[in-house]
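Q: The structure follows.
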Amino acid sequence: MLLRTTFSATLAFLVAAASSASAQFVTGRRPLCTSAGTPSTVFVNCTNFAPETGVMAGFNVDLDGHDTVAAFKSRMNPWTNSPALYVREMSLTRFSRYQGMFMKIAQVLIGQTPLDSRKEDLDTFISQIRGQNAMFVVSIDPWYGYNNVSDEAVSLFALKMQEFNQYGIPVLIRPAHEMNAPWYPYGMQPTAFKDFYRKIHRAVRAVAPYTRFIYAPNLGTGYPWTIGDYHIKPTDPDFPLADTNNNKVLDTNDDPYTPYYPGDEYVDWFGCSTYWKGDYPYNGNQVVPDNFIFGQMSQVLGGGLSTLQWAQRRNLPIIFPEMAGSFTAANSGVPNIQTKQKFWQQIYSPAGQTVLPGLKAGLWFDYVKFEDNALRDFSISSNRNGTLTQVAPSFKSDLAGYGTGVVWAANIAMPSANAACGCFVNNEAKQALADWTPPPSPSPTTTTTRGPTATATAAGNTSDGAVGPRVAQTFVVGSVVGAIAAVVGALFV
């Protein structure tokens, strides 16, 4: 126990030292602040980083060892535009800023599990999006439960977000996404979720001012759902919070969003995922219906408001961190392009923006993955199913035709001289950042599939167990160093 305490104190010292040493750097590197723009410039609201006009176009690229930003852009060439946002998912419990045996042993000794390098190593990702002028969206999930998230892990995550800021990369953080759904171990726990969200918010904003936060429940159509293993029970202390109409039953008349809302002072965006896989049971390739997105967002839910109205009441811009249409080669029906084109048209076109006035960002889920017992192609850049020859050209042509209504990385500029945004124009501060030499990125390591994948797949969740456009293979569990750390840690516990 003494040794455990010593290692914990040492780790806390390292975190404090790293925070102090990096305090000399401020956000810069990219042109965060500008006093004048060209006709193609879209100024971003410093309150929440939402564009004043148009919808930011982004991509959810499988960056967990299966794909890279460079490979994605290469497949999309020729292409004059560059995504304004990229997204990545990770588990906070296994997060570490540091590499090497000491850190792995230290984490075991303070009660954390061995590191999952697929989720903890963001250094490679930083190197991929540096110079892209793009924002970063990170989903940070307590995959092993709220109680298993240590203060050290939260501090380390905050410092990593500070490092992104130092590179001039703005970050949108999505804590415990789909927390109102019963298919994740952290789901349907309103009090624990709000405590977790606020804790992450306080830690990150204290050291990384160029960050904003997304409240990201599952889209409330279908709430409270019958699938999943983590339903809230009438005997649970939080049940009265979820039972918003006080009828002693959790049903479609209950508000799917408000019980989990952490408060206006902690939230900058409303985010939800939306997919088209055809009609249930998803065994045919079907055309995306007209007004599909608007229909989902305008459906009145328990509590008397639609999703659009709920977000508008709180002045929150809307982001789709995951969105796509699905094509399955094994199924009959329409061609690949018809399962996707109307989807992106409803997001980015002038007509779509008219009926979805609060929508400010959409990130296409560029994956090919197994789901619902089928290999589903959600991608625009995949080499399969004629995607690159049929889908990608139409996507590029359609979005180019929408002009300034689509916001790309090159169009983004922050309002000038707004220190509250983390924008600094001080030349000395910029030079300090320019002189900063970051640590080299570590070599790629093997990874392991996380969490109860079968449960998430049964729930129809598209973000779990994903494989990239080239379809990932199964990875070897753990690493030799992690195993050594576990053994050494066990000797001293």
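Ligands are numbered from 1 in the order shown, chains are lettered A, B, ... in the order of the structure tokens, and residues start at 1 in each chain.
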Please return, as a list in words, all residues of range 189-254 of chain A that DSSP assigns to strand (DSSP E) on the basis of the backbone.

A: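 Strand (DSSP E) members of range 189-254 of chain A, listed: Thr211, Arg212, Phe213, Ile214 and Tyr215 of chain A.
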
Q: Given the selection you just returned, output its residues as a file containing C-alpha atoms, formatted as an mmCIF file, in the first residue's frame.

A:
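Once everything was written out, this is result-v8.cif:
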data_model
loop_
_atom_site.group_PDB
_atom_site.id
_atom_site.type_symbol
_atom_site.label_atom_id
_atom_site.label_comp_id
_atom_site.auth_asym_id
_atom_site.auth_seq_id
_atom_site.Cartn_x
_atom_site.Cartn_y
_atom_site.Cartn_z
ATOM 1 C CA THR A 211 -11.643 23.590 -26.044
ATOM 2 C CA ARG A 212 -15.436 23.360 -26.098
ATOM 3 C CA PHE A 213 -17.847 20.643 -24.956
ATOM 4 C CA ILE A 214 -20.582 18.621 -26.655
ATOM 5 C CA TYR A 215 -23.580 17.201 -24.809
#

Q: Which residue out of A:Val138, A:Ile227, A:Leu316, A:Val207 has the minimum interatomic distance to Leu156 in chain A when only C-alpha atoms are used?

A: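 Nearest candidate to Leu156 in chain A out of A:Val138, A:Ile227, A:Leu316, A:Val207: A:Val207.
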
Q: Please report the interatomic distance between CA of Ser326 in chain A and CA of Lys277 in chain A in Å with one decimal.

A: 5.0 Å

Q: As an exercise, work out the distance from CA of Ala410 in chain A to CA of Val42 in chain A in Å and give it to one decimal place.

A: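 A separation of 9.2 Å between them.
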
Q: Considering only C-alpha atoms, state which residue in the set A:Asp123, A:Asp151, A:Glu163, A:Glu178 is at the smallest distance from Lys199 in chain A.

A: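 Checking each of A:Asp123, A:Asp151, A:Glu163, A:Glu178 against Lys199 in chain A, counting only C-alpha atoms, the winner is A:Asp151.
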
Q: Do a neighbour search on Met323 in chain A at 7 Å with only C-alpha atoms, toss out local chain neighbours closer than 2 positions, and write the hits as a JSON list (two decimals) with N, CA and C atoms, in the first residue's frame.

A:
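Final output, saved to around_6.json:
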[["chain", "number", "residue", "atom", "x", "y", "z"],
["A", 273, "SER", "N", -25.92, 11.28, -33.10],
["A", 273, "SER", "CA", -25.57, 10.52, -34.29],
["A", 273, "SER", "C", -26.83, 10.17, -35.07],
["A", 274, "THR", "N", -26.69, 10.08, -36.38],
["A", 274, "THR", "CA", -27.83, 9.70, -37.20],
["A", 274, "THR", "C", -27.35, 8.88, -38.39],
["A", 275, "TYR", "N", -28.04, 7.79, -38.66],
["A", 275, "TYR", "CA", -27.67, 6.86, -39.72],
["A", 275, "TYR", "C", -28.89, 6.42, -40.52],
["A", 320, "PHE", "N", -23.49, 16.69, -35.81],
["A", 320, "PHE", "CA", -23.61, 15.24, -35.98],
["A", 320, "PHE", "C", -22.19, 14.68, -36.01],
["A", 321, "PRO", "N", -21.66, 14.19, -34.87],
["A", 321, "PRO", "CA", -20.30, 13.63, -34.86],
["A", 321, "PRO", "C", -20.20, 12.34, -35.66],
["A", 363, "LEU", "N", -20.10, 15.24, -39.47],
["A", 363, "LEU", "CA", -18.91, 14.44, -39.75],
["A", 363, "LEU", "C", -19.34, 13.08, -40.30],
["A", 364, "TRP", "N", -18.97, 12.82, -41.55],
["A", 364, "TRP", "CA", -19.35, 11.57, -42.19],
["A", 364, "TRP", "C", -18.56, 10.41, -41.59],
["A", 365, "PHE", "N", -19.27, 9.32, -41.29],
["A", 365, "PHE", "CA", -18.68, 8.12, -40.70],
["A", 365, "PHE", "C", -18.07, 7.29, -41.82]]

Q: Find the residues near Phe59 in chain A: any atom within 10 Å, counting only C-alpha atoms, skip ones fewer than 5 places away on the same chain, and give them as a count of residues only.

A: 21

Q: At a cut-off of 8 Å, using only C-alpha atoms, what residues contact range 169-176 of chain A? Leave out same-chain residues fewer than 4 positions from it and give the result as a list in words.

A: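 Selected residues are Thr27, Arg30, Arg130, Asn133, Ala134, Met135, Phe136, Val137, Val138, Ser139, Ile140, Asp141, Pro142, Met161, Phe164, Asn165, Tyr186, Phe193, Tyr197, Ile200, Tyr210, Thr211, Arg212, Phe213, Ile214, Tyr215 and Ala216 of chain A.
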
Q: Could you please write out, as JSON, numbers by chain, every residue of range 288-339 of chain A that DSSP assigns to helix (DSSP H, G or I)?

A: {"A": [292, 293, 294, 295, 296, 297, 298, 307, 308, 309, 310, 311, 312, 313, 336, 337, 338, 339]}

Q: As a list in words, please: the residues near range 391-403 of chain A (cut-off 10 Å, only C-alpha atoms, same-chain neighbours under 5 positions excluded).

A: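 Those residues are Ser40, Gly54, Ala57, Arg75, Met76, Asn77, Pro78, Trp79, Thr80, Asn81, Pro335, Asn336, Ile337, Gln338, Thr339, Lys340, Gln341, Trp344, Gln345, Tyr348, Ser349, Pro350, Ser379, Ile380, Ser381, Ser382, Asn385 and Gly386 of chain A.
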
Q: Write to file, as a tab-separated table (two decimals), in the first residue's frame, the residues of the selection just made, with C-alpha atoms.

A:
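Result saved to part.tsv:
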chain	number	residue	atom	x	y	z
A	40	SER	CA	-14.45	32.76	-48.59
A	54	GLY	CA	-22.91	27.40	-43.20
A	57	ALA	CA	-17.86	19.42	-43.19
A	75	ARG	CA	-8.08	8.22	-51.82
A	76	MET	CA	-10.22	11.33	-52.22
A	77	ASN	CA	-7.80	13.04	-54.64
A	78	PRO	CA	-8.19	15.04	-56.75
A	79	TRP	CA	-9.95	17.20	-54.15
A	80	THR	CA	-9.46	20.89	-53.56
A	81	ASN	CA	-11.12	20.90	-50.14
A	335	PRO	CA	-26.98	1.00	-55.86
A	336	ASN	CA	-24.50	2.29	-53.30
A	337	ILE	CA	-24.85	5.95	-54.30
A	338	GLN	CA	-28.60	5.93	-53.60
A	339	THR	CA	-28.08	4.81	-50.01
A	340	LYS	CA	-25.98	7.91	-49.34
A	341	GLN	CA	-26.50	10.87	-51.68
A	344	TRP	CA	-25.51	14.36	-47.41
A	345	GLN	CA	-27.76	16.58	-49.52
A	348	TYR	CA	-25.21	20.41	-46.53
A	349	SER	CA	-27.57	21.77	-49.20
A	350	PRO	CA	-29.23	25.20	-48.87
A	379	SER	CA	-17.83	5.11	-46.35
A	380	ILE	CA	-17.36	7.71	-49.04
A	381	SER	CA	-13.68	6.92	-49.58
A	382	SER	CA	-13.74	3.09	-49.48
A	385	ASN	CA	-18.41	-1.48	-53.75
A	386	GLY	CA	-17.50	1.13	-56.35

Q: Tell me, in Å to one decimal, how far CA of Tyr184 in chain A is from CA of Phe157 in chain A.

A: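 According to the coordinates, CA of Tyr184 in chain A and CA of Phe157 in chain A are separated by 21.2 Å.
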
Q: Smallest atom-to-atom distance to Leu359 in chain A: which of A:Asp251, A:Glu52, A:Asp290, A:Asp229, using only C-alpha atoms?

A: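 Among the listed residues, the smallest separation from Leu359 in chain A belongs to A:Glu52.
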